[in-house]
Amino acid sequence: MNVLYPILIVLASAAAMEFVAWSSHKYIMHGFGWAWHRDHHEPHDNLLEKNDLFALVGAAMSISMFALGSPLVMGQGAWWPATWIGLGILVYGLVYTLVHDGLVHQRYFRWVPRRGYAKRLVQAHKLHHATIGKEGGVSFGFVLARDPARLKQDLKDQRQRGIAVVREALDD
Ligand SMILES: [Zn+2]
Ligand SMILES: [Zn+2]
């Protein structure tokens, strides 16, 4: 088989996961899943958050795909693309945890990017944390980040229209 197919499947799956992350963050985590996501939006001194359970959901998705692609588990019914989809989900999970938990929330390391796209990622996600409670908010995706100036404008609009409770300082 052409080696290009697995590579394309991994890349497409990782890209699709940004959409899965965005939509589940916006409609599930800030919806009926808020009970698990809430502590990620509130200050605390605990090492772990209930919100970390969502990482286990992602891991379960990846593991299920690896199982589906494995002849050891599925025998004749193994579906080879599933292995590469599982790898794409895993790659996205690693990027997500490095960017979200590492770079933005400094759970593993402390490095504040001063310029470029890394700085924009951090600012965009900090602005996601600028709202109080589950209503409204901006920047539900992670790897694709909009211009922070536009996000701030959105937040001001949401505050004015009473859609969201927004923290006073929008500059850090
Ligand atoms: Zn959130
Ligand atoms: Zn966060």
# chains A, B, ... in the order shown; residues from 1 in each chain; ligands from 1

$ residues_around --residues "segment 129-142 of chain A" --least-positions-apart "4" --cutoff "8 Å" --atoms "only C-alpha atoms" --output "VMD selection string"
chain A and resid 18 to 19 21 to 23 25 to 26 30 to 31 34 38 41 96 99 to 100 121 124 to 125 146 151 154 to 155 158 163 to 167 170

$ residues_around --residues "segment 76-89 of chain A" --least-positions-apart "4" --cutoff "10 Å" --atoms "only C-alpha atoms" --output "NGL selection string"
:A and (5-18 or 58-72 or 93-95)

$ closest_residue --among "A:Glu168, A:Asp147, A:Asp39, A:Asp157" --to "ligand 1" --atoms "only C-alpha atoms and all ligand atoms"
A:Asp39

$ select_by_dssp --residues "chain A" --states "strand (DSSP E)" --output "PyMOL selection string"
chain A and resi 131-132+165-166

$ closest_residue --among "A:Arg120, A:Arg107, A:Lys50, A:His128" --to "ligand 1" --atoms "only C-alpha atoms and all ligand atoms"
A:His128

$ closest_residue --among "A:Gln153, A:Asn2, A:Gln123, A:Asn46" --to "ligand 2" --atoms "only C-alpha atoms and all ligand atoms"
A:Gln123

$ closest_residue --among "A:Tyr117, A:Trp111, A:Phe54, A:Tyr92" --to "ligand 1" --atoms "only C-alpha atoms and all ligand atoms"
A:Phe54

$ closest_residue --among "A:Val122, A:Leu98, A:Leu127, A:Ala169" --to "ligand 1" --atoms "only C-alpha atoms and all ligand atoms"
A:Leu127

$ atom_distance --atom1 "atom CA of Val20 of chain A" --atom2 "atom CA of Lys126 of chain A"
20.3 Å

$ closest_residue --among "A:Val57, A:Val112, A:Ala149, A:Met29" --to "ligand 2" --atoms "only C-alpha atoms and all ligand atoms"
A:Met29

$ decode --residues "segment 75-103 of chain A" --atoms "C-alpha atoms" --output "PDB file, in the first residue's frame"
ATOM      1  CA  GLY A  75      -9.510 -10.796  13.678  1.00  0.00           C
ATOM      2  CA  GLN A  76     -10.751 -10.759  10.067  1.00  0.00           C
ATOM      3  CA  GLY A  77     -12.972  -7.795  10.886  1.00  0.00           C
ATOM      4  CA  ALA A  78     -10.027  -5.452  11.503  1.00  0.00           C
ATOM      5  CA  TRP A  79     -10.365  -2.201   9.547  1.00  0.00           C
ATOM      6  CA  TRP A  80      -6.860  -0.957   8.741  1.00  0.00           C
ATOM      7  CA  PRO A  81      -7.600   2.799   8.462  1.00  0.00           C
ATOM      8  CA  ALA A  82      -8.789   2.801  12.098  1.00  0.00           C
ATOM      9  CA  THR A  83      -5.197   2.371  13.329  1.00  0.00           C
ATOM     10  CA  TRP A  84      -4.180   5.605  11.597  1.00  0.00           C
ATOM     11  CA  ILE A  85      -7.299   7.414  12.749  1.00  0.00           C
ATOM     12  CA  GLY A  86      -6.387   6.332  16.293  1.00  0.00           C
ATOM     13  CA  LEU A  87      -2.877   7.690  15.783  1.00  0.00           C
ATOM     14  CA  GLY A  88      -4.290  11.006  14.485  1.00  0.00           C
ATOM     15  CA  ILE A  89      -6.461  11.314  17.612  1.00  0.00           C
ATOM     16  CA  LEU A  90      -3.415  10.519  19.759  1.00  0.00           C
ATOM     17  CA  VAL A  91      -1.298  13.152  17.980  1.00  0.00           C
ATOM     18  CA  TYR A  92      -4.043  15.734  18.475  1.00  0.00           C
ATOM     19  CA  GLY A  93      -4.314  14.761  22.158  1.00  0.00           C
ATOM     20  CA  LEU A  94      -0.581  15.272  22.644  1.00  0.00           C
ATOM     21  CA  VAL A  95      -0.638  18.670  20.896  1.00  0.00           C
ATOM     22  CA  TYR A  96      -3.719  19.637  22.889  1.00  0.00           C
ATOM     23  CA  THR A  97      -2.219  18.755  26.244  1.00  0.00           C
ATOM     24  CA  LEU A  98       1.105  20.425  25.398  1.00  0.00           C
ATOM     25  CA  VAL A  99      -0.617  23.633  24.271  1.00  0.00           C
ATOM     26  CA  HIS A 100      -3.576  23.757  26.648  1.00  0.00           C
ATOM     27  CA  ASP A 101      -2.244  22.195  29.842  1.00  0.00           C
ATOM     28  CA  GLY A 102       1.430  23.019  29.271  1.00  0.00           C
ATOM     29  CA  LEU A 103       1.741  26.312  27.430  1.00  0.00           C
TER      30      LEU A 103
END
